[in-house]
Each structure stands twice: as C-alpha cells, then as structure tokens.
file upload-v6.txt (compact mmCIF, C-alpha atoms)
# COMPACT_ATOMS: atom_id res chain seq x y z
CA MET A 1 140.90 138.85 127.10
CA THR A 2 142.66 136.07 125.20
CA GLU A 3 140.99 132.94 123.85
CA LYS A 4 142.79 130.92 126.53
CA GLU A 5 141.56 132.97 129.47
CA ASN A 6 138.12 132.81 127.91
CA CYS A 7 137.97 129.04 127.98
CA CYS A 8 139.20 128.74 131.56
CA MET A 9 136.42 130.98 132.73
CA ARG A 10 133.76 129.01 130.92
CA THR A 11 132.82 132.02 128.87
CA LYS A 12 133.64 132.69 125.27
CA GLU A 13 133.82 135.95 123.39
CA ARG A 14 132.59 135.34 119.86
CA SER A 15 133.26 137.58 116.87
CA GLU A 16 130.33 139.80 115.96
CA ALA A 17 129.75 137.90 112.71
CA GLU A 18 129.70 134.55 114.52
CA LEU A 19 127.35 135.82 117.21
CA ARG A 20 124.97 137.33 114.66
CA ASP A 21 124.89 134.13 112.61
CA LEU A 22 124.11 132.04 115.72
CA VAL A 23 121.42 134.42 116.99
CA ASN A 24 119.82 134.57 113.53
CA ARG A 25 119.64 130.80 113.44
CA LEU A 26 117.88 130.75 116.81
CA ASN A 27 115.50 133.51 115.75
CA ARG A 28 114.51 131.33 112.81
CA VAL A 29 113.84 128.35 115.09
CA GLU A 30 111.86 130.55 117.48
CA GLY A 31 109.74 131.82 114.57
CA GLN A 32 109.12 128.25 113.44
CA ILE A 33 108.00 127.20 116.93
CA ARG A 34 105.63 130.17 117.09
CA GLY A 35 104.32 129.25 113.64
CA ILE A 36 103.57 125.73 114.85
CA LYS A 37 101.65 127.13 117.83
CA GLY A 38 99.61 129.21 115.39
CA MET A 39 98.85 126.09 113.36
CA LEU A 40 97.65 124.28 116.48
CA GLU A 41 95.39 127.17 117.38
CA LYS A 42 93.88 127.08 113.88
CA ASN A 43 93.23 123.33 114.18
CA ALA A 44 95.76 122.46 111.50
CA TYR A 45 96.03 118.88 110.37
CA CYS A 46 98.58 116.77 112.32
CA VAL A 47 100.69 115.81 109.32
CA ASP A 48 101.02 119.42 108.19
CA ILE A 49 102.20 120.29 111.70
CA LEU A 50 104.63 117.37 111.80
CA ASN A 51 106.21 118.62 108.57
CA GLN A 52 106.82 122.01 110.17
CA VAL A 53 108.26 120.35 113.28
CA SER A 54 110.64 118.45 111.01
CA ALA A 55 111.83 121.75 109.53
CA ALA A 56 112.30 123.34 112.99
CA ASN A 57 114.24 120.28 114.07
CA SER A 58 116.58 120.54 111.09
CA ALA A 59 117.18 124.22 111.81
CA LEU A 60 118.01 123.45 115.45
CA ASN A 61 120.39 120.68 114.35
CA SER A 62 122.18 123.08 112.00
CA PHE A 63 122.61 125.53 114.88
CA THR A 64 124.09 122.72 117.00
CA ARG A 65 126.49 121.73 114.25
CA VAL A 66 127.73 125.27 113.68
CA LEU A 67 128.22 125.90 117.40
CA LEU A 68 130.04 122.58 117.82
CA GLU A 69 132.31 123.32 114.86
CA ASN A 70 133.17 126.77 116.19
CA HIS A 71 133.91 125.21 119.57
CA ILE A 72 136.20 122.53 118.14
CA ARG A 73 138.03 124.98 115.86
CA SER A 74 138.67 127.46 118.68
CA CYS A 75 138.61 126.25 122.31
CA VAL A 76 139.40 122.57 121.73
CA ALA A 77 142.18 123.12 119.18
CA GLU A 78 143.67 125.91 121.30
CA ASP A 79 143.83 123.77 124.43
CA ILE A 80 145.28 120.75 122.66
CA ARG A 81 148.04 122.98 121.26
CA ASP A 82 148.71 124.05 124.84
CA GLY A 83 149.09 120.44 125.93
CA LYS A 84 145.89 120.47 127.97
CA ASP A 85 143.64 117.55 127.24
CA ASP A 86 140.66 118.39 129.48
CA LYS A 87 138.82 120.07 126.62
CA LEU A 88 139.34 116.95 124.55
CA GLU A 89 137.70 114.76 127.19
CA GLU A 90 134.91 117.28 127.66
CA LEU A 91 134.34 117.27 123.89
CA LEU A 92 134.06 113.48 123.85
CA GLY A 93 131.43 113.68 126.58
CA THR A 94 129.51 116.30 124.61
CA LEU A 95 129.66 114.24 121.40
CA GLN A 96 128.38 111.22 123.29
CA LYS A 97 125.33 113.23 124.39
CA LEU A 98 124.72 114.68 120.92
CA MET A 99 125.05 111.33 119.12
CA LYS A 100 122.56 109.50 121.34
CA MET B 1 82.04 118.48 112.97
CA THR B 2 82.90 114.80 113.21
CA GLU B 3 86.39 113.39 113.40
CA LYS B 4 85.96 112.01 109.91
CA GLU B 5 85.00 115.30 108.27
CA ASN B 6 87.88 116.85 110.13
CA CYS B 7 90.47 114.61 108.57
CA CYS B 8 89.15 115.04 105.04
CA MET B 9 89.47 118.78 105.33
CA ARG B 10 93.04 118.59 106.56
CA THR B 11 92.07 120.25 109.79
CA LYS B 12 91.67 118.66 113.17
CA GLU B 13 89.69 119.82 116.15
CA ARG B 14 91.56 118.78 119.26
CA SER B 15 90.10 118.52 122.75
CA GLU B 16 90.90 121.46 124.97
CA ALA B 17 93.13 119.31 127.20
CA GLU B 18 95.10 118.00 124.20
CA LEU B 19 95.50 121.46 122.71
CA ARG B 20 96.67 122.93 126.01
CA ASP B 21 99.20 120.15 126.53
CA LEU B 22 100.62 120.62 123.03
CA VAL B 23 100.79 124.41 123.32
CA ASN B 24 102.45 124.14 126.75
CA ARG B 25 105.10 121.87 125.30
CA LEU B 26 105.83 124.39 122.55
CA ASN B 27 105.93 127.25 125.04
CA ARG B 28 108.58 125.33 126.94
CA VAL B 29 110.66 124.86 123.78
CA GLU B 30 110.26 128.52 122.88
CA GLY B 31 111.44 129.50 126.36
CA GLN B 32 114.46 127.24 126.02
CA ILE B 33 115.38 128.76 122.65
CA ARG B 34 115.12 132.25 124.12
CA GLY B 35 117.27 131.12 127.06
CA ILE B 36 119.94 129.92 124.65
CA LYS B 37 119.91 133.28 122.88
CA GLY B 38 120.43 134.95 126.27
CA MET B 39 123.39 132.64 126.94
CA LEU B 40 124.96 133.58 123.60
CA GLU B 41 124.53 137.26 124.35
CA LYS B 42 126.27 136.78 127.71
CA ASN B 43 129.19 134.98 126.01
CA ALA B 44 128.36 131.66 127.64
CA TYR B 45 130.73 128.77 127.13
CA CYS B 46 129.94 126.57 124.09
CA VAL B 47 129.54 123.32 126.02
CA ASP B 48 127.09 124.89 128.45
CA ILE B 49 125.07 126.11 125.48
CA LEU B 50 125.22 122.71 123.77
CA ASN B 51 123.78 121.12 126.92
CA GLN B 52 120.82 123.49 126.77
CA VAL B 53 120.35 122.79 123.07
CA SER B 54 120.24 119.09 123.90
CA ALA B 55 117.43 119.77 126.38
CA ALA B 56 115.46 121.86 123.86
CA ASN B 57 115.90 119.11 121.30
CA SER B 58 114.52 116.50 123.70
CA ALA B 59 111.52 118.71 124.47
CA LEU B 60 110.82 119.17 120.75
CA ASN B 61 111.10 115.41 120.20
CA SER B 62 108.60 114.78 122.99
CA PHE B 63 106.18 117.18 121.35
CA THR B 64 106.59 115.33 118.05
CA ARG B 65 105.98 111.99 119.71
CA VAL B 66 102.81 113.16 121.47
CA LEU B 67 101.41 114.75 118.31
CA LEU B 68 102.22 111.64 116.27
CA GLU B 69 100.57 109.39 118.85
CA ASN B 70 97.43 111.52 118.93
CA HIS B 71 97.35 111.45 115.14
CA ILE B 72 97.69 107.67 114.94
CA ARG B 73 95.11 107.07 117.69
CA SER B 74 92.53 109.36 116.07
CA CYS B 75 92.76 110.13 112.34
CA VAL B 76 94.71 107.07 111.21
CA ALA B 77 92.75 104.53 113.26
CA GLU B 78 89.46 106.17 112.26
CA ASP B 79 90.24 105.99 108.55
CA ILE B 80 91.45 102.42 108.66
CA ARG B 81 88.21 101.43 110.36
CA ASP B 82 86.41 103.13 107.48
CA GLY B 83 88.35 101.06 104.98
CA LYS B 84 90.31 104.04 103.69
CA ASP B 85 94.00 103.40 103.51
CA ASP B 86 95.24 106.82 102.32
CA LYS B 87 95.96 107.91 105.88
CA LEU B 88 98.00 104.76 106.37
CA GLU B 89 100.19 105.54 103.37
CA GLU B 90 100.48 109.16 104.45
CA LEU B 91 101.56 107.99 107.93
CA LEU B 92 104.27 105.77 106.44
CA GLY B 93 105.60 108.77 104.51
CA THR B 94 105.61 110.87 107.69
CA LEU B 95 107.41 108.16 109.68
CA GLN B 96 110.03 107.89 106.96
CA LYS B 97 110.74 111.62 107.31
CA LEU B 98 110.79 111.49 111.11
CA MET B 99 113.09 108.47 111.31
CA LYS B 100 115.77 109.88 109.00
CA MET C 1 96.73 80.20 108.91
CA THR C 2 95.09 83.60 108.52
CA GLU C 3 96.77 86.91 109.10
CA LYS C 4 94.71 87.36 112.25
CA GLU C 5 95.68 84.05 113.83
CA ASN C 6 99.25 84.89 112.91
CA CYS C 7 99.30 88.08 114.89
CA CYS C 8 97.73 86.55 117.97
CA MET C 9 100.45 83.94 118.11
CA ARG C 10 103.21 86.49 117.81
CA THR C 11 104.38 84.92 114.59
CA LYS C 12 103.91 86.19 111.10
CA GLU C 13 103.98 84.36 107.82
CA ARG C 14 105.47 86.62 105.19
CA SER C 15 105.14 86.23 101.44
CA GLU C 16 108.19 84.71 99.80
CA ALA C 17 109.00 87.99 98.04
CA GLU C 18 108.82 89.96 101.29
CA LEU C 19 110.94 87.44 103.16
CA ARG C 20 113.57 87.36 100.41
CA ASP C 21 113.78 91.16 100.31
CA LEU C 22 114.22 91.38 104.08
CA VAL C 23 116.83 88.62 104.20
CA ASN C 24 118.74 90.21 101.31
CA ARG C 25 118.84 93.51 103.17
CA LEU C 26 120.28 91.79 106.25
CA ASN C 27 122.83 89.90 104.12
CA ARG C 28 124.01 93.22 102.81
CA VAL C 29 124.40 94.63 106.34
CA GLU C 30 126.23 91.47 107.44
CA GLY C 31 128.61 91.81 104.47
CA GLN C 32 129.26 95.43 105.39
CA ILE C 33 130.04 94.53 109.02
CA ARG C 34 132.46 91.83 107.86
CA GLY C 35 134.06 94.35 105.47
CA ILE C 36 134.60 96.76 108.39
CA LYS C 37 136.28 93.98 110.40
CA GLY C 38 138.58 93.37 107.42
CA MET C 39 139.44 97.09 107.33
CA LEU C 40 140.31 97.03 111.05
CA GLU C 41 142.55 94.02 110.54
CA LYS C 42 144.37 95.83 107.71
CA ASN C 43 144.89 98.89 109.95
CA ALA C 44 142.59 101.06 107.87
CA TYR C 45 142.35 104.74 108.70
CA CYS C 46 139.59 105.62 111.22
CA VAL C 47 137.73 108.04 108.96
CA ASP C 48 137.59 105.51 106.12
CA ILE C 49 136.12 102.99 108.57
CA LEU C 50 133.61 105.53 109.93
CA ASN C 51 132.37 106.13 106.39
CA GLN C 52 131.71 102.42 105.98
CA VAL C 53 129.95 102.30 109.36
CA SER C 54 127.72 105.15 108.17
CA ALA C 55 126.77 103.09 105.12
CA ALA C 56 126.02 99.98 107.23
CA ASN C 57 123.93 102.09 109.54
CA SER C 58 121.86 103.45 106.64
CA ALA C 59 121.29 99.94 105.33
CA LEU C 60 120.12 98.77 108.76
CA ASN C 61 117.78 101.78 109.02
CA SER C 62 116.27 100.93 105.63
CA PHE C 63 115.64 97.39 106.81
CA THR C 64 113.91 98.76 109.91
CA ARG C 65 111.74 101.07 107.86
CA VAL C 66 110.65 98.34 105.46
CA LEU C 67 109.84 95.92 108.29
CA LEU C 68 107.91 98.60 110.16
CA GLU C 69 105.94 99.53 107.04
CA ASN C 70 105.03 95.91 106.38
CA HIS C 71 103.96 95.55 110.00
CA ILE C 72 101.74 98.63 109.93
CA ARG C 73 100.20 97.72 106.57
CA SER C 74 99.35 94.17 107.67
CA CYS C 75 99.06 93.37 111.41
CA VAL C 76 98.25 96.84 112.71
CA ALA C 77 95.71 97.73 110.00
CA GLU C 78 94.12 94.28 110.28
CA ASP C 79 93.64 94.57 114.03
CA ILE C 80 92.27 98.07 113.91
CA ARG C 81 89.72 96.94 111.34
CA ASP C 82 88.75 94.21 113.83
CA GLY C 83 88.21 96.80 116.52
CA LYS C 84 91.20 95.64 118.56
CA ASP C 85 93.44 98.47 119.63
CA ASP C 86 96.22 96.54 121.38
CA LYS C 87 98.33 96.52 118.24
CA LEU C 88 97.93 100.25 118.01
CA GLU C 89 99.26 100.76 121.52
CA GLU C 90 102.06 98.29 120.87
CA LEU C 91 102.98 100.20 117.70
CA LEU C 92 103.16 103.48 119.61
CA GLY C 93 105.56 101.85 122.09
CA THR C 94 107.71 100.56 119.23
CA LEU C 95 107.79 103.97 117.52
CA GLN C 96 108.85 105.57 120.77
CA LYS C 97 111.82 103.18 120.96
CA LEU C 98 112.76 103.69 117.31
CA MET C 99 112.55 107.49 117.45
CA LYS C 100 114.78 107.88 120.50
CA MET D 1 156.14 103.44 112.37
CA THR D 2 155.13 106.53 114.35
CA GLU D 3 151.57 107.73 114.91
CA LYS D 4 152.31 110.66 112.63
CA GLU D 5 153.51 108.59 109.67
CA ASN D 6 150.50 106.39 110.25
CA CYS D 7 148.01 109.18 109.79
CA CYS D 8 149.67 110.56 106.66
CA MET D 9 149.40 107.19 105.01
CA ARG D 10 145.72 106.83 105.86
CA THR D 11 146.41 103.72 107.88
CA LYS D 12 146.49 103.39 111.61
CA GLU D 13 148.21 100.82 113.76
CA ARG D 14 146.03 100.16 116.77
CA SER D 15 147.16 98.57 120.03
CA GLU D 16 146.24 94.93 120.35
CA ALA D 17 143.75 95.70 123.14
CA GLU D 18 142.04 98.42 121.09
CA LEU D 19 141.84 96.21 118.00
CA ARG D 20 140.44 93.30 119.97
CA ASP D 21 137.79 95.49 121.62
CA LEU D 22 136.69 96.90 118.26
CA VAL D 23 136.58 93.50 116.55
CA ASN D 24 134.62 92.03 119.47
CA ARG D 25 132.06 94.78 119.16
CA LEU D 26 131.62 94.05 115.46
CA ASN D 27 131.38 90.31 116.13
CA ARG D 28 128.52 91.05 118.49
CA VAL D 29 126.71 93.13 115.85
CA GLU D 30 127.29 90.41 113.24
CA GLY D 31 125.82 87.82 115.62
CA GLN D 32 122.79 90.03 116.21
CA ILE D 33 122.21 90.45 112.46
CA ARG D 34 122.42 86.69 111.97
CA GLY D 35 120.00 86.24 114.86
CA ILE D 36 117.52 88.56 113.18
CA LYS D 37 117.78 86.56 109.95
CA GLY D 38 117.01 83.42 111.96
CA MET D 39 113.94 85.14 113.44
CA LEU D 40 112.70 86.06 109.96
CA GLU D 41 113.14 82.50 108.78
CA LYS D 42 111.10 81.25 111.75
CA ASN D 43 108.29 83.73 110.96
CA ALA D 44 108.90 85.76 114.11
CA TYR D 45 106.52 88.57 114.94
CA CYS D 46 107.52 91.99 113.52
CA VAL D 47 107.68 93.80 116.86
CA ASP D 48 109.94 91.13 118.36
CA ILE D 49 112.24 91.55 115.37
CA LEU D 50 112.16 95.35 115.62
CA ASN D 51 113.29 95.09 119.24
CA GLN D 52 116.30 93.04 118.19
CA VAL D 53 117.08 95.53 115.41
CA SER D 54 117.01 98.28 118.02
CA ALA D 55 119.61 96.36 120.05
CA ALA D 56 121.84 95.79 117.00
CA ASN D 57 121.59 99.46 116.18
CA SER D 58 122.68 100.47 119.68
CA ALA D 59 125.65 98.11 119.48
CA LEU D 60 126.70 99.59 116.13
CA ASN D 61 126.38 103.10 117.55
CA SER D 62 128.60 102.16 120.49
CA PHE D 63 131.22 100.86 118.06
CA THR D 64 131.05 104.16 116.15
CA ARG D 65 131.45 106.17 119.31
CA VAL D 66 134.46 104.19 120.53
CA LEU D 67 136.18 104.38 117.13
CA LEU D 68 135.50 108.11 116.90
CA GLU D 69 136.86 108.71 120.41
CA ASN D 70 140.02 106.75 119.67
CA HIS D 71 140.43 108.74 116.46
CA ILE D 72 140.04 112.10 118.19
CA ARG D 73 142.34 111.16 121.06
CA SER D 74 145.12 109.95 118.77
CA CYS D 75 145.22 111.20 115.15
CA VAL D 76 143.32 114.45 115.56
CA ALA D 77 145.02 115.54 118.80
CA GLU D 78 148.44 114.56 117.39
CA ASP D 79 147.99 116.60 114.23
CA ILE D 80 146.68 119.66 116.03
CA ARG D 81 149.73 119.57 118.28
CA ASP D 82 151.85 119.53 115.10
CA GLY D 83 150.08 122.64 113.85
CA LYS D 84 148.32 120.77 111.05
CA ASP D 85 144.64 121.53 110.88
CA ASP D 86 143.60 119.20 108.04
CA LYS D 87 142.57 116.47 110.48
CA LEU D 88 140.42 118.97 112.30
CA GLU D 89 138.53 119.88 109.14
CA GLU D 90 138.24 116.22 108.20
CA LEU D 91 136.83 115.50 111.68
CA LEU D 92 134.20 118.21 111.29
CA GLY D 93 133.13 116.65 107.99
CA THR D 94 132.88 113.24 109.65
CA LEU D 95 130.84 114.60 112.57
CA GLN D 96 128.49 116.28 110.13
CA LYS D 97 127.83 112.90 108.47
CA LEU D 98 127.41 111.08 111.79
CA MET D 99 125.05 113.67 113.27
CA LYS D 100 122.64 113.67 110.33
call {"tool": "encode", "arguments": {"input": "upload-v6.txt", "output": "structure tokens"}}
result
Amino acid sequence: MTEKENCCMRTKERSEAELRDLVNRLNRVEGQIRGIKGMLEKNAYCVDILNQVSAANSALNSFTRVLLENHIRSCVAEDIRDGKDDKLEELLGTLQKLMK
Amino acid sequence: MTEKENCCMRTKERSEAELRDLVNRLNRVEGQIRGIKGMLEKNAYCVDILNQVSAANSALNSFTRVLLENHIRSCVAEDIRDGKDDKLEELLGTLQKLMK
Amino acid sequence: MTEKENCCMRTKERSEAELRDLVNRLNRVEGQIRGIKGMLEKNAYCVDILNQVSAANSALNSFTRVLLENHIRSCVAEDIRDGKDDKLEELLGTLQKLMK
Amino acid sequence: MTEKENCCMRTKERSEAELRDLVNRLNRVEGQIRGIKGMLEKNAYCVDILNQVSAANSALNSFTRVLLENHIRSCVAEDIRDGKDDKLEELLGTLQKLMK
C-alpha cells in the first residue's frame, strides 16, 4: 500500500523504527502515570507529586511533537505535492487545537 | 496525625473521597494512553491519534489542577495561618514550573 | 491605608520599586509589539516575525508570574492569616484561567 | 516579485487585506498593554489586572495562529510543491518553539 492510499483511508503504516519509538514514548508516560498513582497511595506530599506530573506532561508533549512532525513530513508534504490541499487545512485545524 | 505534622514530613494523608477522585482521574489518563498505543498498533491515522492525545492531555491537566487546589486549600493555607511562609515560597516555585 | 483595607476595596497600593518593575516589564512588551508591527510593514519573513512574537510572549508571561507572586505574597497571605478564605477561592479561579 | 523569490529573500509581500488584519490585531494587543499600565498606575487590584493580561495573551496567541496559518498556506506549501523541503524543516523548528 502506498503512502497516498494510506492517507486517503485514514490509516498510516509506520516504519518499524518509528512505531517502536512512539510506543516506547507512550510506555514511559504510562509508567510515570502508574508511578504517580503509587505516590498517592503512599500519601506522598502534593509538591513531590506535582513534580512527577510535570515530568509526565513533558513526556506526553514530546510524543505529540514527534507524531506531529512525522505527520507533516509524510502525509501533509505528500498531499501538497499532489496538489491536494485538504491535508493542509486539516493540519491547521489540528495545530489550532494543540496550541490552545 | 494532624495536617500540620503531615506537611512537615512531606507526606499528606488525604480523605478517602479525595484519594479516590485523584486515583480515578489517573486511571482515566492511563486508559487513554493505552488506547493511543492500541491506535498506533492498528496503524491509525496521525490526526485521529493527535485528537486522542489532546484529550489525554486535558485529563492530565485537570488532575494537576485538582491536586494543586487541594494542596493550596490544605497545606499552604494551614502553614500561612501558622505564620510559616516556606510553603508559600515552595508554592510559587511550583506555579512557576506549571505555568511554563 | 493598610494592606487589608486595600484588598477589600479591590485596589492595591504597590511599593514604588514594585510598580516601577511592573511598568518597565510592560514597556518592554509594548516595545516588542511595536517592533513586530514595524517588521510587518517592512514585509519581514513570517518565521522571523514568529520568533519575535515568541519573545514578546515570554516577556508577558514573566510579567504575569511576577504580578501573581506579588499578589499571593501580599493579599492572599494576608487574608488567610485573617481567617478569610475568599481570596483563596478567588486565587484558585485565577490559577485555573492562567493554566488553561 | 513572485512568492518564490519572496521566500528566498526572507521577506514576504502580504496582500493589503492580510497586512491590515495583522496590524489591527497588534494594535489591539498594544492597546491592551497600555490599558494594563494604566490600571497599575491607578493601583488596580491584582486579580483585575491578571484578567486583562489573560485577554492580552489570548489576543497575541490569535495573532500568532493567523500568521502561522498564512505562512503554512503560502511559503511552506509553495516550497513543498517545488520539491524544496527546507521550509518544512524550518516550520517544524518553529512549531517546536511555539508548542513549548
């Protein structure tokens, strides 16, 4: 299946390296969230918890940035080269949500 | 153990209702992160994933806000009433991190 | 006029040093905004403008942080010491707006 | 001068309507900043000032979003169509800064 067909079908085949990197990033976030639950259950001090939440938040933002970059470099660039501007408009909508 | 002793020891005993609410919020975030991993593994389209990430991010921010509010209402207010301003300075440092 | 009367009347007398620092920070932001208008009028490249906007945004955020810190250190702490918790609730509402 | 030459020279000729819209947005922000200075000089209450800062911040963010959208729709799309990917990489760098 080509990149182009991919995008039309609202699916996307990612390279194995890309997929592994993205899944690893999410595993890290998931571990951080579980760690924060553990802290709550051990009556940890609020500020210590907030510092861990800050770290989880940064990790989730990095995931977002990497996924967005991959998306722009592949689907969006591909479609613009093909003279289709829908992806461009969709991207602008997505950026608007992410920058709120 | 009183609230005051709590804060000195960098632990905090939360009411059962508060603890349950906080843990539930984290469970929701954890579920969302796992859902996003599932989407990646099924080759979901980037923009659909980004929308889910946005939702997980909002849920994590709500958790932060609730925890911060509880902290200000209990530990910080308590210490200020006792004429100790360390918690106040610590809070300002935490806010600075959270507002970046 | 005491600090306490101040807060009740929804006004606040600031020290001259504090006022000057805050006004200087806003002057800087105002200068940056005017600089960005000048760039637009000289047809500057979008990315160069966006970098300047980023700088103006950081300066405005610093102003916010300083003002918020002064507010917490004076009005909020003062009121809590007096056993009035309205300021506390008001602060939580303000934080919620600022952290969105 | 064509769009393409424009982008190479790191300048950009904007339509009169686009330029006017962008300048108007900045004029609004500048007016808000001046208003906040006036509030400080009249000893306004911190929370009332913080609400105005919030509004100025939103207006500045809207300006950023509009400028970024114009940039993506014109320079970036144009260059991708021409097979040049520098603008794409530059855009990703800009997004990274704006999403911090």
call {"tool": "closest_atom_pairs", "arguments": {"input": "upload-v6.txt", "of": "chain A", "to": "chain D", "cutoff": "10 Å", "atoms": "all atoms listed in the file", "output": "Markdown table"}}
result
| residue | atom | partner | partner_atom | distance |
| --- | --- | --- | --- | --- |
| A:Ser58 | CA | D:Lys100 | CA | 9.2 |
| A:Asn61 | CA | D:Lys100 | CA | 8.4 |
| A:Ser62 | CA | D:Gln96 | CA | 9.5 |
| A:Thr64 | CA | D:Met99 | CA | 9.8 |
| A:Arg65 | CA | D:Gln96 | CA | 7.1 |
| A:Val66 | CA | D:Gln96 | CA | 9.7 |
| A:Leu68 | CA | D:Leu92 | CA | 8.9 |
| A:Glu69 | CA | D:Leu92 | CA | 6.5 |
| A:Asn70 | CA | D:Leu92 | CA | 9.9 |
| A:Ile72 | CA | D:Leu88 | CA | 8.0 |
| A:Arg73 | CA | D:Leu88 | CA | 7.4 |
| A:Val76 | CA | D:Ala77 | CA | 9.5 |
| A:Ala77 | CA | D:Ile80 | CA | 6.5 |
| A:Glu78 | CA | D:Ile80 | CA | 8.7 |
| A:Asp79 | CA | D:Arg81 | CA | 9.5 |
| A:Ile80 | CA | D:Arg81 | CA | 6.4 |
| A:Arg81 | CA | D:Arg81 | CA | 4.8 |
| A:Asp82 | CA | D:Arg81 | CA | 8.0 |
| A:Gly83 | CA | D:Arg81 | CA | 7.7 |
| A:Asp85 | CA | D:Ala77 | CA | 8.8 |
| A:Leu88 | CA | D:Arg73 | CA | 7.4 |
| A:Glu89 | CA | D:Arg73 | CA | 8.5 |
| A:Leu91 | CA | D:Ile72 | CA | 9.6 |
| A:Leu92 | CA | D:Glu69 | CA | 6.5 |
| A:Gly93 | CA | D:Glu69 | CA | 9.6 |
| A:Leu95 | CA | D:Arg65 | CA | 8.5 |
| A:Gln96 | CA | D:Arg65 | CA | 7.1 |
| A:Leu98 | CA | D:Met99 | CA | 7.7 |
| A:Met99 | CA | D:Met99 | CA | 6.3 |
| A:Lys100 | CA | D:Asn61 | CA | 8.4 |
call {"tool": "atom_distance", "arguments": {"input": "upload-v6.txt", "atom1": "atom CA of Glu90 of chain D", "atom2": "atom CA of Cys46 of chain C"}}
result
11.1 Å
call {"tool": "atom_distance", "arguments": {"input": "upload-v6.txt", "atom1": "atom CA of Glu18 of chain A", "atom2": "atom CA of Asn51 of chain A"}}
result
29.0 Å
call {"tool": "atom_distance", "arguments": {"input": "upload-v6.txt", "atom1": "atom CA of Leu50 of chain D", "atom2": "atom CA of Ile33 of chain D"}}
result
11.6 Å
call {"tool": "calpha_fit_and_write", "arguments": {"input": "upload-v6.txt", "fixed": "chain D", "moving": "chain C", "output": "short mmCIF file (atom, residue, chain, number, x, y, z; two decimals) with C-alpha atoms, in the frame of the given file"}}
result
data_model
loop_
_atom_site.label_atom_id
_atom_site.label_comp_id
_atom_site.auth_asym_id
_atom_site.auth_seq_id
_atom_site.Cartn_x
_atom_site.Cartn_y
_atom_site.Cartn_z
CA MET C 1 156.07 103.46 112.31
CA THR C 2 155.09 106.51 114.34
CA GLU C 3 151.58 107.71 114.91
CA LYS C 4 152.26 110.66 112.63
CA GLU C 5 153.48 108.61 109.68
CA ASN C 6 150.46 106.39 110.25
CA CYS C 7 147.99 109.18 109.79
CA CYS C 8 149.63 110.54 106.67
CA MET C 9 149.34 107.17 105.00
CA ARG C 10 145.69 106.82 105.85
CA THR C 11 146.41 103.72 107.88
CA LYS C 12 146.50 103.37 111.61
CA GLU C 13 148.20 100.82 113.77
CA ARG C 14 146.06 100.16 116.80
CA SER C 15 147.19 98.57 120.05
CA GLU C 16 146.23 94.92 120.37
CA ALA C 17 143.77 95.71 123.16
CA GLU C 18 142.05 98.41 121.10
CA LEU C 19 141.86 96.21 118.02
CA ARG C 20 140.44 93.28 120.00
CA ASP C 21 137.80 95.48 121.63
CA LEU C 22 136.70 96.89 118.28
CA VAL C 23 136.59 93.49 116.58
CA ASN C 24 134.63 92.02 119.50
CA ARG C 25 132.06 94.79 119.18
CA LEU C 26 131.63 94.05 115.47
CA ASN C 27 131.37 90.30 116.16
CA ARG C 28 128.53 91.05 118.50
CA VAL C 29 126.73 93.14 115.87
CA GLU C 30 127.29 90.42 113.26
CA GLY C 31 125.82 87.82 115.65
CA GLN C 32 122.80 90.04 116.22
CA ILE C 33 122.22 90.47 112.47
CA ARG C 34 122.43 86.70 111.97
CA GLY C 35 119.99 86.23 114.88
CA ILE C 36 117.52 88.59 113.18
CA LYS C 37 117.79 86.58 109.94
CA GLY C 38 117.01 83.44 111.96
CA MET C 39 113.93 85.16 113.44
CA LEU C 40 112.72 86.10 109.94
CA GLU C 41 113.15 82.52 108.76
CA LYS C 42 111.10 81.28 111.73
CA ASN C 43 108.32 83.78 110.91
CA ALA C 44 108.92 85.79 114.06
CA TYR C 45 106.52 88.59 114.89
CA CYS C 46 107.53 92.01 113.47
CA VAL C 47 107.67 93.82 116.81
CA ASP C 48 109.92 91.14 118.32
CA ILE C 49 112.25 91.56 115.34
CA LEU C 50 112.18 95.37 115.61
CA ASN C 51 113.29 95.09 119.23
CA GLN C 52 116.29 93.04 118.17
CA VAL C 53 117.09 95.53 115.40
CA SER C 54 117.04 98.29 118.03
CA ALA C 55 119.60 96.36 120.06
CA ALA C 56 121.86 95.79 117.01
CA ASN C 57 121.60 99.45 116.18
CA SER C 58 122.70 100.46 119.69
CA ALA C 59 125.66 98.10 119.50
CA LEU C 60 126.71 99.56 116.15
CA ASN C 61 126.39 103.10 117.56
CA SER C 62 128.63 102.15 120.50
CA PHE C 63 131.23 100.85 118.09
CA THR C 64 131.07 104.14 116.18
CA ARG C 65 131.47 106.16 119.34
CA VAL C 66 134.48 104.18 120.54
CA LEU C 67 136.20 104.37 117.14
CA LEU C 68 135.52 108.10 116.91
CA GLU C 69 136.87 108.69 120.42
CA ASN C 70 140.04 106.75 119.67
CA HIS C 71 140.46 108.74 116.46
CA ILE C 72 140.05 112.10 118.18
CA ARG C 73 142.34 111.15 121.07
CA SER C 74 145.13 109.95 118.76
CA CYS C 75 145.25 111.20 115.13
CA VAL C 76 143.33 114.44 115.55
CA ALA C 77 145.05 115.55 118.77
CA GLU C 78 148.45 114.56 117.36
CA ASP C 79 147.98 116.61 114.21
CA ILE C 80 146.69 119.66 116.01
CA ARG C 81 149.73 119.57 118.27
CA ASP C 82 151.83 119.54 115.08
CA GLY C 83 150.06 122.63 113.84
CA LYS C 84 148.30 120.78 111.03
CA ASP C 85 144.61 121.51 110.86
CA ASP C 86 143.56 119.20 108.02
CA LYS C 87 142.56 116.49 110.46
CA LEU C 88 140.42 118.99 112.28
CA GLU C 89 138.52 119.89 109.13
CA GLU C 90 138.22 116.23 108.21
CA LEU C 91 136.81 115.49 111.68
CA LEU C 92 134.19 118.22 111.30
CA GLY C 93 133.10 116.65 107.99
CA THR C 94 132.86 113.23 109.65
CA LEU C 95 130.83 114.60 112.58
CA GLN C 96 128.45 116.25 110.16
CA LYS C 97 127.83 112.88 108.49
CA LEU C 98 127.42 111.06 111.80
CA MET C 99 125.03 113.63 113.29
CA LYS C 100 122.64 113.67 110.34
#
call {"tool": "axis_aligned_box", "arguments": {"input": "upload-v6.txt", "around": "segment 25-28 of chain D", "padding_each_side": "5 Å", "output": "AutoDock Vina command-line options"}}
result
--center_x 130.3 --center_y 92.5 --center_z 117.3 --size_x 13.5 --size_y 14.5 --size_z 13.7
call {"tool": "residues_around", "arguments": {"input": "upload-v6.txt", "residues": "Thr11 of chain A", "least_positions_apart": "6", "cutoff": "7 Å", "atoms": "all atoms listed in the file", "output": "ChimeraX atom specification"}}
result
/B:43-45
call {"tool": "closest_residue", "arguments": {"input": "upload-v6.txt", "among": "D:Lys84, D:Gln52, D:Leu60, D:Ser15", "to": "Lys37 of chain D", "atoms": "all atoms listed in the file"}}
result
D:Gln52
